[in-house]
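Single-structure report; data block below.
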Amino acid sequence: MWRVVASAVQFQIAWLFCVVVANPIAVALFTLCNLCVHLRYVANLPYEPVWILSVGCAGMLLDTAMFASGVLSSSGGQAFPPIWLLLLWLNFAMALRYCFAFLQKSLWLSAAAGFFAGPASYFTGAYLNGGVVLMSPLFLGLLVLAATWAIFLPLLVALARVIHFRRSHENA
């Protein structure tokens with residue numbers, strides 16, 4: 001249980017730090033420190049770095065597609081997501097199998113969580129940061145994010161289930 005709590009606290013701090021600070025070097029150093037703490041004290045599994053990198057890259061590709069399609073844009077006119085947003089994916093990957101482990105119980109629950117929490121996170125982050133803008137009209141951008149996250153999060157959760165299943169059978 002302590003791993004779940006530690007992961008939840010770690011992710012909330014990471015999310016807020018990435019969004020509010022948004023300095024690429026500071027966010028990169030913070031993410032690296034967060035990764036070291038996670039691998040040493042929370043996960044301590046040999047395949048955890050591969051998991052984090054895989055989910056992180058998938059998320060980075062998703063956000064890049066959102067920028068390319070115009071669902072998200074930069075207030076500064078950059079064509080790609082800002083570094084802080086991309087690094088946030090690595091922090092999310094660290095939390096997915098721990099503080100969000102309850103989502104593995106039901107793909108429907110993970111779809112519902114993705115539908116509501118995904119757009120809420122982008123909306124709040126865009127509001128706090130000011131560097132990312134959701135497409136206009138806003139409801140359409142939120143709807144696209146909701147539909148995307150309702151599909152993307154269950155896919156990640158299903159992958160986490162497979163990894164958890166394999167790990168539990170390897171230990172048996």
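Chains: A, B, ... in order of the structure tokens. Residues: from 1 per chain. Ligands: from 1, in order shown.
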
- Which residues in chain A does DSSP call strand (DSSP E)? List them as a count of residues only. 6

Residues of stretch 102-160 of chain A that approach stretch 54-69 of chain A to 12 Å or less, counting only C-alpha atoms: could you list each one with the shortest pair of atoms and its distance in Å to one decimal, rows by chain and increasing residue number, as a Markdown table?
| residue | atom | partner | partner_atom | distance |
| --- | --- | --- | --- | --- |
| A:Gly118 | CA | A:Asp63 | CA | 11.8 |
| A:Tyr122 | CA | A:Asp63 | CA | 10.5 |
| A:Val132 | CA | A:Phe67 | CA | 9.6 |
| A:Val133 | CA | A:Phe67 | CA | 9.7 |
| A:Leu134 | CA | A:Phe67 | CA | 9.5 |
| A:Met135 | CA | A:Ser69 | CA | 9.7 |
| A:Gly141 | CA | A:Met66 | CA | 9.7 |
| A:Leu142 | CA | A:Met66 | CA | 11.6 |
| A:Val144 | CA | A:Met66 | CA | 9.3 |
| A:Leu145 | CA | A:Met66 | CA | 8.6 |
| A:Thr148 | CA | A:Leu62 | CA | 9.0 |
| A:Trp149 | CA | A:Leu62 | CA | 9.8 |
| A:Ile151 | CA | A:Leu62 | CA | 11.7 |
| A:Phe152 | CA | A:Leu62 | CA | 8.9 |
| A:Leu153 | CA | A:Gly59 | CA | 10.0 |
| A:Leu155 | CA | A:Val55 | CA | 10.4 |
| A:Leu156 | CA | A:Val55 | CA | 7.4 |
| A:Val157 | CA | A:Val55 | CA | 10.4 |
| A:Leu159 | CA | A:Val55 | CA | 9.6 |
| A:Ala160 | CA | A:Val55 | CA | 9.9 |

- Message: Would you pick out the contacts of stretch 95-109 of chain A at 9 Å or less, using only C-alpha atoms, so that residues sharing its chain but fewer than 4 positions from it are not included, and give the list as a PyMOL selection string?
- Response: chain A and resi 3-11+42-43+90-91+113-114+150+153-158+160-161+164

- Choose the residue, out of A:Tyr41, A:Ile13, A:Leu35, A:Gly130, that has the smallest atom-to-atom separation from A:Gly76; count only C-alpha atoms. A:Gly130

- Task: as a PyMOL selection string, list the residues of chain A assigned to alpha helix (DSSP H) by DSSP on the backbone atoms of this structure.
- Result: chain A and resi 2-21+24-37+48-69+83-96+107-129+138-171

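Ranking A:Ala79, A:Ala147, A:Leu88, A:Ala120 by their shortest atom-to-atom distance to A:Gln12, with only C-alpha atoms included, puts A:Leu88 first.
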
- Distance in Å - atom CA of A:Ala126 versus atom CA of A:His38: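 We find that atom CA of A:Ala126 and atom CA of A:His38 lie 26.5 Å from each other.
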
Closest pair table for stretch 62-138 of chain A residues within 9 Å of stretch 22-34 of chain A, only C-alpha atoms, as a Markdown table:
| residue | atom | partner | partner_atom | distance |
| --- | --- | --- | --- | --- |
| A:Pro82 | CA | A:Pro24 | CA | 8.1 |
| A:Ile83 | CA | A:Pro24 | CA | 5.6 |
| A:Trp84 | CA | A:Ala22 | CA | 5.3 |
| A:Leu85 | CA | A:Ala22 | CA | 8.1 |
| A:Leu87 | CA | A:Ala28 | CA | 6.9 |
| A:Leu88 | CA | A:Thr31 | CA | 8.0 |
| A:Leu90 | CA | A:Thr31 | CA | 7.5 |
| A:Asn91 | CA | A:Thr31 | CA | 6.7 |
| A:Met94 | CA | A:Asn34 | CA | 8.9 |
| A:Asn129 | CA | A:Ala22 | CA | 7.5 |
| A:Gly131 | CA | A:Ala22 | CA | 8.9 |

Requested write-out: C-alpha atoms of the selected residues, as a PDB file, in the first residue's frame:
ATOM      1  CA  PRO A  82       6.840  21.721 -25.188  1.00  0.00           C
ATOM      2  CA  ILE A  83       9.513  19.667 -23.425  1.00  0.00           C
ATOM      3  CA  TRP A  84       7.732  19.878 -20.064  1.00  0.00           C
ATOM      4  CA  LEU A  85       4.637  18.259 -21.576  1.00  0.00           C
ATOM      5  CA  LEU A  87       8.567  14.795 -19.902  1.00  0.00           C
ATOM      6  CA  LEU A  88       5.306  14.729 -18.010  1.00  0.00           C
ATOM      7  CA  LEU A  90       7.570   9.800 -18.194  1.00  0.00           C
ATOM      8  CA  ASN A  91       6.217  10.877 -14.825  1.00  0.00           C
ATOM      9  CA  MET A  94       5.901   5.888 -13.390  1.00  0.00           C
ATOM     10  CA  ASN A 129       0.822  27.025 -17.715  1.00  0.00           C
ATOM     11  CA  GLY A 131       1.916  27.804 -23.007  1.00  0.00           C
TER      12      GLY A 131
END
